[in-house]
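> Provided herewith: model12.tsv, TSV, C-alpha atoms.
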chain	number	residue	atom	x	y	z
A	1	MET	CA	47.44	69.46	31.08
A	2	LEU	CA	49.19	68.11	34.12
A	3	VAL	CA	46.13	67.93	36.39
A	4	ALA	CA	42.89	65.98	35.89
A	5	LEU	CA	40.02	64.52	37.90
A	6	LEU	CA	39.34	60.86	38.62
A	7	LYS	CA	35.88	59.29	38.39
A	8	ASN	CA	35.34	59.82	42.12
A	9	GLY	CA	35.98	63.56	41.74
A	10	SER	CA	39.41	63.60	43.37
A	11	SER	CA	42.29	65.38	41.68
A	12	ILE	CA	45.41	63.80	40.24
A	13	SER	CA	48.61	65.73	39.46
A	14	LEU	CA	51.27	64.23	37.25
A	15	LEU	CA	53.90	66.18	39.19
A	16	ASP	CA	53.31	64.00	42.23
A	17	ASP	CA	55.83	61.24	42.76
A	18	TRP	CA	54.52	58.74	40.20
A	19	ARG	CA	56.47	55.92	38.61
A	20	MET	CA	55.79	55.16	34.94
A	21	GLU	CA	54.47	51.67	35.67
A	22	GLN	CA	52.04	53.07	38.25
A	23	LEU	CA	50.62	55.51	35.73
A	24	ASP	CA	50.41	52.78	33.10
A	25	LEU	CA	48.40	50.60	35.48
A	26	LEU	CA	46.19	53.52	36.49
A	27	ARG	CA	45.50	54.31	32.85
A	28	ARG	CA	44.17	50.81	32.24
A	29	LYS	CA	41.51	50.95	34.96
A	30	GLU	CA	40.70	54.65	35.46
A	31	THR	CA	38.86	57.35	33.53
A	32	PHE	CA	40.30	60.86	33.61
A	33	ILE	CA	38.16	63.99	33.41
A	34	CYS	CA	39.02	67.57	32.48
A	35	PRO	CA	38.31	69.75	35.58
A	36	ILE	CA	36.81	72.47	33.37
A	37	CYS	CA	34.77	71.06	30.49
A	38	LYS	CA	34.17	67.67	32.23
A	39	ASN	CA	35.03	65.81	29.04
A	40	GLU	CA	37.17	62.72	29.20
A	41	VAL	CA	40.91	63.28	28.68
A	42	VAL	CA	43.61	60.81	27.73
A	43	LEU	CA	46.68	60.11	29.83
A	44	LYS	CA	49.68	60.11	27.49
A	45	LEU	CA	52.77	58.57	29.00
A	46	GLY	CA	56.07	60.29	28.35
A	47	ARG	CA	58.02	58.08	26.01
A	48	LYS	CA	59.22	60.95	23.80
A	49	ARG	CA	57.65	63.92	25.61
A	50	ILE	CA	56.57	64.78	29.14
A	51	THR	CA	53.65	62.75	30.52
A	52	HIS	CA	50.42	64.76	30.27
A	53	PHE	CA	46.66	64.70	29.87
A	54	ALA	CA	45.17	65.64	26.50
A	55	HIS	CA	41.65	66.23	25.24
A	56	ARG	CA	40.42	63.95	22.52
A	57	ARG	CA	40.49	65.57	19.10
A	58	GLU	CA	36.71	65.80	18.84
A	59	ALA	CA	36.36	67.39	22.30
A	60	ALA	CA	36.19	71.17	22.70
A	61	CYS	CA	37.29	72.68	26.01
A	62	THR	CA	35.91	76.11	26.89
A	63	ILE	CA	39.19	77.24	28.48
A	64	GLU	CA	41.90	75.59	26.37
A	65	HIS	CA	43.23	78.32	24.05
A	66	GLU	CA	46.21	76.59	22.44
A	67	THR	CA	47.82	73.17	22.32
A	68	GLU	CA	50.54	72.74	24.93
A	69	SER	CA	53.86	71.66	23.50
A	70	SER	CA	56.26	69.41	25.36
A	71	TYR	CA	58.49	72.49	25.84
A	72	HIS	CA	55.59	74.33	27.49
A	73	LEU	CA	54.60	71.40	29.71
A	74	SER	CA	58.22	70.91	30.83
A	75	GLY	CA	58.63	74.61	31.61
A	76	LYS	CA	55.39	74.75	33.57
A	77	ALA	CA	56.42	71.69	35.57
A	78	ASP	CA	59.84	73.24	36.27
A	79	LEU	CA	58.33	76.52	37.47
A	80	PHE	CA	55.96	74.65	39.80
A	81	LYS	CA	58.83	72.63	41.31
A	82	TRP	CA	60.98	75.79	41.51
A	83	LEU	CA	58.37	77.54	43.65
A	84	LYS	CA	57.77	74.40	45.73
A	85	ARG	CA	61.48	74.17	46.54
A	86	GLN	CA	61.21	77.66	48.01
A	87	ARG	CA	58.37	76.39	50.25
A	88	LEU	CA	55.91	78.76	48.64
A	89	GLU	CA	52.17	78.13	48.47
A	90	VAL	CA	51.53	77.32	44.81
A	91	LYS	CA	48.79	75.45	42.95
A	92	LEU	CA	49.16	73.74	39.58
A	93	GLU	CA	46.54	74.52	36.91
A	94	PRO	CA	43.76	75.57	39.30
A	95	TYR	CA	40.43	76.41	37.67
A	96	LEU	CA	39.10	79.75	38.90
A	97	GLN	CA	35.35	79.38	38.45
A	98	SER	CA	34.54	83.04	39.21
A	99	ILE	CA	36.48	84.29	36.18
A	100	GLN	CA	36.56	81.05	34.18
A	101	GLN	CA	40.33	81.07	33.90
A	102	ARG	CA	42.93	78.40	34.54
A	103	PRO	CA	46.39	79.89	35.01
A	104	ASP	CA	49.38	77.60	34.75
A	105	LEU	CA	50.22	78.35	38.39
A	106	LEU	CA	48.53	80.24	41.21
A	107	LEU	CA	50.93	81.58	43.83
A	108	SER	CA	50.22	83.12	47.23
A	109	TYR	CA	53.12	85.31	48.31
A	110	LYS	CA	53.32	87.96	51.03
A	111	GLY	CA	49.59	88.56	51.11
A	112	LYS	CA	49.23	88.77	47.31
A	113	THR	CA	47.99	86.24	44.78
A	114	TYR	CA	49.81	85.81	41.48
A	115	ALA	CA	48.59	84.04	38.35
A	116	ILE	CA	51.72	82.80	36.60
A	117	GLU	CA	51.30	82.15	32.88
A	118	TYR	CA	54.13	80.47	30.97
A	119	GLN	CA	53.67	81.37	27.30
A	120	CYS	CA	55.62	79.62	24.56
A	121	SER	CA	53.35	80.31	21.57
A	122	THR	CA	51.82	83.48	20.21
A	123	ILE	CA	48.27	84.33	21.19
A	124	SER	CA	46.28	87.35	20.07
A	125	GLU	CA	46.78	90.62	21.91
A	126	GLU	CA	43.03	90.65	22.50
A	127	LEU	CA	43.17	87.29	24.30
A	128	PHE	CA	46.26	88.35	26.26
A	129	ARG	CA	44.55	91.51	27.50
A	130	LYS	CA	41.28	89.69	28.21
A	131	ARG	CA	43.01	87.12	30.41
A	132	THR	CA	45.11	89.81	32.12
A	133	ALA	CA	42.04	91.95	32.81
A	134	SER	CA	40.09	89.03	34.25
A	135	PHE	CA	42.88	88.24	36.72
A	136	LEU	CA	43.13	91.88	37.79
A	137	LYS	CA	39.36	92.10	38.24
A	138	ALA	CA	39.57	89.14	40.63
A	139	GLY	CA	42.34	90.83	42.63
A	140	ILE	CA	45.01	88.55	41.18
A	141	LYS	CA	48.29	89.92	39.86
A	142	PRO	CA	49.17	88.34	36.48
A	143	LEU	CA	52.78	87.40	35.86
A	144	TRP	CA	53.56	86.36	32.30
A	145	ILE	CA	56.79	84.49	31.54
A	146	LEU	CA	57.92	83.84	27.98
A	147	GLY	CA	59.39	80.56	26.87
A	148	ALA	CA	63.04	80.99	25.90
A	149	ASN	CA	62.11	79.58	22.48
A	150	ARG	CA	60.93	83.18	21.86
A	151	PHE	CA	64.35	84.62	22.76
A	152	HIS	CA	66.13	85.99	19.66
A	153	ARG	CA	69.41	87.90	19.48
A	154	SER	CA	70.23	90.19	16.57
A	155	SER	CA	73.76	90.79	17.87
A	156	THR	CA	75.63	90.58	21.17
A	157	SER	CA	73.44	93.18	22.86
A	158	SER	CA	70.63	93.64	20.35
A	159	PHE	CA	67.43	91.62	20.51
A	160	ARG	CA	64.48	91.20	18.20
A	161	LEU	CA	61.27	91.81	20.14
A	162	SER	CA	57.92	91.40	18.43
A	163	THR	CA	54.88	93.47	19.38
A	164	PHE	CA	53.64	90.35	21.20
A	165	GLN	CA	56.80	90.07	23.30
A	166	TRP	CA	56.54	93.73	24.37
A	167	LEU	CA	53.26	92.76	26.08
A	168	PHE	CA	55.39	90.82	28.59
A	169	ALA	CA	57.41	93.86	29.71
A	170	TYR	CA	57.06	94.13	33.47
A	171	PRO	CA	58.26	96.85	35.89
A	172	ALA	CA	61.53	95.89	37.52
A	173	LEU	CA	62.89	97.24	40.79
A	174	PRO	CA	63.78	100.11	40.58
A	175	GLN	CA	60.44	100.63	38.81
A	176	SER	CA	61.64	103.09	36.19
A	177	TYR	CA	62.88	100.12	34.14
A	178	LEU	CA	61.00	97.41	32.31
A	179	LEU	CA	62.11	93.80	32.24
A	180	ILE	CA	61.11	90.88	30.01
A	181	LEU	CA	61.42	87.46	31.59
A	182	TYR	CA	62.08	84.15	29.80
A	183	TYR	CA	62.52	80.61	31.09
A	184	CYS	CA	64.21	77.68	29.32
A	185	PRO	CA	63.28	74.17	30.54
A	186	LYS	CA	66.16	72.65	28.57
A	187	THR	CA	68.90	74.58	30.37
A	188	LYS	CA	66.87	75.28	33.57
A	189	GLN	CA	67.72	78.97	33.27
A	190	PHE	CA	65.94	82.30	33.51
A	191	PHE	CA	66.78	85.04	31.00
A	192	ARG	CA	66.05	88.63	32.07
A	193	LEU	CA	66.27	91.46	29.53
A	194	VAL	CA	66.86	94.87	31.16
A	195	PRO	CA	67.12	97.78	30.44
A	196	LEU	CA	65.17	98.04	27.18
A	197	ALA	CA	66.48	100.71	24.80
A	198	SER	CA	64.33	100.57	21.69
A	199	PHE	CA	66.15	101.20	18.37
A	200	SER	CA	63.14	100.52	16.16
A	201	VAL	CA	59.80	98.73	16.11
A	202	TYR	CA	61.44	95.32	16.53
A	203	ASN	CA	65.09	95.93	17.38
A	204	THR	CA	65.97	96.63	21.02
A	205	PHE	CA	69.31	97.10	22.74
A	206	SER	CA	69.53	95.42	26.13
A	207	THR	CA	71.66	93.33	28.42
A	208	VAL	CA	70.64	89.80	29.31
A	209	MET	CA	71.00	88.44	32.83
A	210	ILE	CA	71.14	84.64	32.85
A	211	ASP	CA	70.52	82.80	36.13
A	212	SER	CA	70.01	79.14	36.91
A	213	ALA	CA	66.70	78.27	38.54
A	214	GLU	CA	68.66	76.94	41.52
A	215	ARG	CA	70.29	80.31	42.21
A	216	LEU	CA	67.39	82.67	41.52
A	217	SER	CA	64.48	83.02	43.96
A	218	PHE	CA	61.00	84.34	43.26
A	219	GLU	CA	61.70	87.27	45.59
A	220	LYS	CA	64.70	88.30	43.48
A	221	LEU	CA	63.05	87.69	40.11
A	222	PHE	CA	62.38	91.37	39.35
A	223	GLN	CA	65.04	92.96	41.53
A	224	ILE	CA	67.91	94.37	39.51
A	225	ASP	CA	70.92	95.25	41.64
A	226	ASP	CA	73.03	97.02	39.04
A	227	ILE	CA	71.81	98.44	35.73
A	228	SER	CA	74.40	99.74	33.30
A	229	LEU	CA	74.75	100.28	29.59
A	230	PRO	CA	77.92	98.76	28.10
A	231	SER	CA	80.19	101.07	26.09
A	232	MET	CA	79.14	99.37	22.85
A	233	PHE	CA	75.65	100.81	23.35
A	234	TRP	CA	76.81	104.27	22.33
A	235	HIS	CA	78.48	103.04	19.17
A	236	GLU	CA	75.38	101.03	18.22
A	237	TRP	CA	73.11	104.01	18.90
A	238	PHE	CA	75.33	106.21	16.73
A	239	MET	CA	75.16	103.62	13.94
A	240	GLN	CA	71.37	103.54	14.31
A	241	LYS	CA	71.19	107.33	13.89
A	242	LYS	CA	73.39	106.98	10.82
A	243	ARG	CA	70.98	104.39	9.37
A	244	TRP	CA	68.03	106.70	10.06
A	245	ARG	CA	69.74	109.49	8.16
A	246	LEU	CA	70.92	107.41	5.22
A	247	MET	CA	68.12	104.89	4.79
A	248	PHE	CA	64.82	106.11	6.25
A	249	PRO	CA	63.93	108.54	3.41
A	250	PHE	CA	64.36	105.75	0.85
A	251	TYR	CA	61.76	103.36	2.33
A	252	PRO	CA	58.62	104.37	0.37
A	253	THR	CA	56.02	103.31	2.92
A	254	LYS	CA	52.93	105.41	3.58
A	255	GLU	CA	54.12	106.22	7.12
A	256	ASN	CA	57.58	107.26	5.92
A	257	ARG	CA	56.13	109.51	3.23
A	258	LEU	CA	53.95	111.27	5.79
A	259	VAL	CA	56.94	111.84	8.07
A	260	CYS	CA	59.04	113.20	5.21
A	261	MET	CA	56.20	115.52	4.13
A	262	TYR	CA	55.94	116.88	7.70
A	263	PHE	CA	59.68	117.46	7.87
A	264	TYR	CA	59.78	119.22	4.48
A	265	LYS	CA	56.78	121.34	5.48
A	266	HIS	CA	58.91	122.72	8.32
A	267	ASN	CA	62.02	123.20	6.15
A	268	ILE	CA	63.83	120.09	7.39
A	269	VAL	CA	65.38	117.64	4.92
A	270	PRO	CA	64.48	114.18	6.37
A	271	ALA	CA	68.09	112.96	6.30
A	272	LEU	CA	69.19	116.19	8.03
A	273	PHE	CA	66.89	116.14	11.02
A	274	PRO	CA	68.25	118.01	14.09
A	275	SER	CA	71.12	116.35	15.91
A	276	GLU	CA	69.15	117.01	19.12
A	277	ALA	CA	66.55	114.48	17.92
A	278	GLY	CA	67.03	110.72	17.99
A	279	LEU	CA	68.62	110.80	21.44
A	280	PRO	CA	68.49	107.76	23.75
A	281	ILE	CA	66.37	108.17	26.88
A	282	LYS	CA	65.29	105.72	29.54
A	283	TYR	CA	61.58	105.84	28.67
A	284	GLY	CA	62.11	105.97	24.91
A	285	TYR	CA	60.69	102.46	24.55
A	286	LEU	CA	57.21	103.85	25.28
A	287	PHE	CA	57.12	105.04	21.68
A	288	GLU	CA	57.06	102.42	18.95
A	289	THR	CA	57.79	105.19	16.45
A	290	PRO	CA	61.58	105.74	16.16
A	291	SER	CA	62.86	108.43	18.52
A	292	PHE	CA	64.26	110.71	15.80
A	293	ILE	CA	60.71	111.23	14.50
A	294	TRP	CA	58.79	112.05	17.68
A	295	GLN	CA	61.70	114.06	19.09
A	296	THR	CA	61.95	116.11	15.88
A	297	TYR	CA	58.21	116.78	16.16
A	298	ILE	CA	58.79	118.15	19.66
A	299	LEU	CA	61.68	120.32	18.49
A	300	ILE	CA	59.51	121.74	15.70
A	301	MET	CA	56.76	122.53	18.22
A	302	MET	CA	59.28	124.25	20.49
A	303	MET	CA	60.53	126.42	17.65
A	304	LYS	CA	57.10	127.20	16.12
A	305	LYS	CA	55.01	127.74	19.27
A	306	GLN	CA	57.48	129.79	21.24
A	307	LYS	CA	56.80	133.40	22.26
A	308	ASN	CA	59.91	135.13	23.58
A	309	GLY	CA	61.42	131.67	23.63
A	310	MET	CA	58.66	130.39	25.95
A	311	PHE	CA	56.57	127.24	25.51
A	312	HIS	CA	54.38	125.10	27.77
A	313	PHE	CA	54.60	121.40	28.50
A	314	SER	CA	50.82	121.12	28.06
A	315	ASP	CA	51.10	122.38	24.46
A	316	ILE	CA	53.78	119.81	23.62
A	317	TYR	CA	51.88	117.01	25.33
A	318	SER	CA	48.58	117.96	23.68
A	319	SER	CA	50.12	118.03	20.20
A	320	ILE	CA	51.89	114.69	20.66
A	321	SER	CA	48.70	113.14	22.08
A	322	GLN	CA	46.79	114.31	19.01
A	323	MET	CA	49.39	112.63	16.80
A	324	VAL	CA	49.01	109.43	18.84
A	325	ARG	CA	45.22	109.51	18.49
A	326	THR	CA	45.45	110.00	14.73
A	327	ARG	CA	48.10	107.24	14.45
A	328	LYS	CA	50.78	109.61	13.17
A	329	LEU	CA	52.79	108.37	16.14
A	330	LYS	CA	52.59	104.88	17.58
A	331	VAL	CA	53.03	104.06	21.26
A	332	ARG	CA	53.41	100.79	23.09
A	333	ASN	CA	50.68	99.75	25.50
A	334	LEU	CA	52.85	99.33	28.57
A	335	PRO	CA	52.59	99.89	32.35
A	336	PHE	CA	53.97	103.45	31.95
A	337	HIS	CA	52.37	106.32	30.01
A	338	TYR	CA	54.26	107.95	27.13
A	339	PHE	CA	54.10	111.37	28.84
A	340	ARG	CA	57.13	110.11	30.82
A	341	ALA	CA	59.15	109.92	27.61
A	342	ILE	CA	58.11	113.45	26.60
A	343	ASN	CA	58.99	114.83	30.02
A	344	GLU	CA	62.31	112.97	30.15
A	345	TYR	CA	63.30	114.23	26.71
A	346	LEU	CA	62.60	117.84	27.72
A	347	LEU	CA	64.64	117.38	30.89
A	348	LEU	CA	67.50	115.97	28.81
A	349	LEU	CA	67.38	119.15	26.68
A	350	VAL	CA	67.52	121.12	29.94
A	351	GLN	CA	70.63	119.20	31.01
A	352	LEU	CA	72.21	119.76	27.60
A	353	GLY	CA	71.61	123.49	27.89
A	354	TYR	CA	69.05	123.94	25.09
A	355	ILE	CA	66.08	124.90	27.24
A	356	LYS	CA	65.56	126.31	30.72
A	357	ILE	CA	62.85	125.52	33.27
A	358	VAL	CA	60.83	128.67	34.01
A	359	ASN	CA	58.31	126.99	36.31
A	360	SER	CA	56.63	123.61	36.72
A	361	THR	CA	54.77	123.94	33.40
A	362	THR	CA	56.84	126.36	31.33
A	363	PHE	CA	60.18	126.21	29.52
A	364	ARG	CA	62.28	128.70	27.60
A	365	LEU	CA	64.41	127.93	24.56
A	366	ILE	CA	67.83	129.44	25.30
A	367	LYS	CA	70.01	127.74	22.69
A	368	PRO	CA	69.04	127.26	19.03
A	369	VAL	CA	68.33	123.76	17.74
A	370	THR	CA	70.94	122.66	15.20
A	371	ILE	CA	69.81	121.79	11.67
A	372	PRO	CA	72.82	120.28	9.88
A	373	LYS	CA	73.54	121.23	6.26
A	374	THR	CA	75.27	118.02	5.16
A	375	ILE	CA	75.32	114.36	6.18
A	376	GLU	CA	78.97	114.71	7.20
A	377	GLU	CA	78.15	117.63	9.47
A	378	ALA	CA	75.13	115.77	10.89
A	379	LEU	CA	77.15	112.66	11.77
A	380	LYS	CA	79.91	114.72	13.35
A	381	MET	CA	77.36	116.55	15.54
A	382	ASP	CA	75.56	113.28	16.36
A	383	HIS	CA	78.80	111.75	17.61
A	384	LYS	CA	79.71	114.79	19.67
A	385	LEU	CA	76.29	115.00	21.35
A	386	LEU	CA	76.19	111.29	22.17
A	387	LYS	CA	79.65	111.56	23.73
A	388	ILE	CA	78.39	114.36	26.00
A	389	ILE	CA	75.36	112.29	27.07
A	390	GLU	CA	77.52	109.21	27.69
A	391	LYS	CA	80.08	111.15	29.72
A	392	ARG	CA	77.50	112.82	31.94
A	393	GLY	CA	75.46	109.63	32.44
A	394	PHE	CA	72.13	111.32	31.74
A	395	ILE	CA	70.23	108.13	30.86
A	396	LEU	CA	70.89	106.12	34.01
Can you turn what I pasted into structure tokens?

Amino acid sequence: MLVALLKNGSSISLLDDWRMEQLDLLRRKETFICPICKNEVVLKLGRKRITHFAHRREAACTIEHETESSYHLSGKADLFKWLKRQRLEVKLEPYLQSIQQRPDLLLSYKGKTYAIEYQCSTISEELFRKRTASFLKAGIKPLWILGANRFHRSSTSSFRLSTFQWLFAYPALPQSYLLILYYCPKTKQFFRLVPLASFSVYNTFSTVMIDSAERLSFEKLFQIDDISLPSMFWHEWFMQKKRWRLMFPFYPTKENRLVCMYFYKHNIVPALFPSEAGLPIKYGYLFETPSFIWQTYILIMMMKKQKNGMFHFSDIYSSISQMVRTRKLKVRNLPFHYFRAINEYLLLLVQLGYIKIVNSTTFRLIKPVTIPKTIEEALKMDHKLLKIIEKRGFIL
């Protein structure tokens, strides 16, 4: 905590211009109170870590969900000063009695109120959603920022994102993209991951934009001027498809066995799924299930449900939704609905010449889906199709 009450009820913020000797003197003669639980808190002077208030071990605060590390306290202090330098109206650790929440920062900006939460440790998804919902109910827009201690690269442009980190995905401008925001108090830098092209449950291809806090304003925080996929993306996606073909059937998990059984049931060898499946699309991240699985399911539906080559979007959507409800497919709980990914994939097949739009709800299959006979043939077709998509710039 960086804010407490004095015995007379007035508030004291450690981010005011205090000298260490002043705080030491104040600590000797004053009692500090938690603004929420009204228990006494201890002023701990920053010899090795940032100066802060802490509850005594035996005290239980109704609002304190996790212990604040020095990294967290420093980041919260930085973000407060960052907003203050921009002459914005911001409050530090205000207690909102109506919803019994205490965000790290409360910002008023252009007629809207934002609750800014700087999160450096993992909390339960249930608690995350509860706090988010309570802010929204009060007409406050929650803005969650991850500590850069949660930032993990797998390679130059590949990042390991846990299910918890995906909760922090926030619509960027333009709003068809999601962005995950990190802040590092050690380097005084913001890290912005965008766009997010999900390879697997945890592995995501993206580009990272690194900006110093001095150069980046709150207004520009979620504005992305130029979004592009580097050329290495296409090679890495091809290698991911190769791994799906060569390795997926040999992981004997319950989920994998069910997928393989479904493929075999429809005369598809799992390693030889259609080359038209497993394609990168902008909204592909909405599915946690790898794209080659849910896209193959759609291709099977197109081939099995067609009459004179015709099929309806509602049939595809209904079948996929049933698979989501029965957990045969997993989706991410994000600001956009997964129907966008289904629709975008069908439009990609239109652009590639496999299906034709008949009307707003109906399509016609005009080119047969390709089922490769060997791994060599599959990889050759995968490479060719990805080259076409890259050349025509379908994703962006």
> Between A:His152, A:Lys137, A:His312, A:Lys38, which residue has the minimum interatomic distance to Thr204 of chain A, considering all atoms listed in the file?
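Among A:His152, A:Lys137, A:His312, A:Lys38, it is A:His152 that comes nearest to Thr204 of chain A.
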> For atom CA of Pro280 of chain A and atom CA of Val194 of chain A, quote the distance in Å rounded to one decimal.
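Pair atom CA of Pro280 of chain A / atom CA of Val194 of chain A returns 15.0 Å.
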> Find the residue from A:Pro103, A:Pro185, A:Met239, A:Lys29 that sits nearest to Ser70 of chain A; use only C-alpha atoms when measuring.
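Smallest separation from Ser70 of chain A among the options: A:Pro185.
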> Using only C-alpha atoms, determine which residues lie at most 8 Å from Val90 of chain A, disregarding the query and same-chain residues fewer than 5 positions distant; provide the list as number ranges by chain.
A: 80, 83-84, 105-108
> Which residues come within 10 Å of Ala277 of chain A, counting all atoms listed in the file, excluding same-chain residues fewer than 4 positions away, as a list in words?
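Residues near the query, excluding close chain neighbours: Lys241, Phe273, Ser291, Phe292, Ile293, Trp294, Gln295, Thr296, Tyr297, Ile298, Leu299, Tyr345, Leu349, Val369, Thr370 and Asp382 of chain A.
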> Pick from A:Leu379, A:Leu45, A:Gly147, A:Phe159: nearest to Arg243 of chain A, with all atoms listed in the file counted?
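Selected residue with least distance to Arg243 of chain A: A:Leu379.
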> List as a PyMOL selection string the residues having at least one atom at most 12 Å from position (56.1, 107.3, 12.9) as given in the file, counting only C-alpha atoms.
chain A and resi 200-201+248+253-260+262-263+287-297+320+323-324+326-331
> Give the answer as one residue: which of A:Gly46, A:Pro94, A:Gly284, A:Gly309 has the shortest atom-to-atom distance to Ile355 of chain A, using all atoms listed in the file?
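Looking at the shortest contact to Ile355 of chain A, the residue is A:Gly309.
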> Please identify all polymer residues within 10 Å of segment 129-133 of chain A, counting all atoms listed in the file, omitting same-chain residues fewer than 4 positions from it, and present them as number ranges by chain.
A: 99-103, 115, 117, 124-125, 137-144, 167
> Step by step, gather every atom of segment 249-260 of chain A that the file lists, find the box along x, y and z that holds them, add 4 Å on each side, and finally give centre and edge lengths in Å to one decimal, as JSON.

{"center_x": 58.6, "center_y": 108.3, "center_z": 4.2, "size_x": 19.4, "size_y": 17.9, "size_z": 15.7}
> When distances are computed from all atoms listed in the file, which of A:Leu92, A:Ala197, A:Leu216, A:Ala169 shows the smallest separation from Glu236 of chain A?
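Of A:Leu92, A:Ala197, A:Leu216, A:Ala169, the one nearest Glu236 of chain A is A:Ala197, counting all atoms listed in the file.
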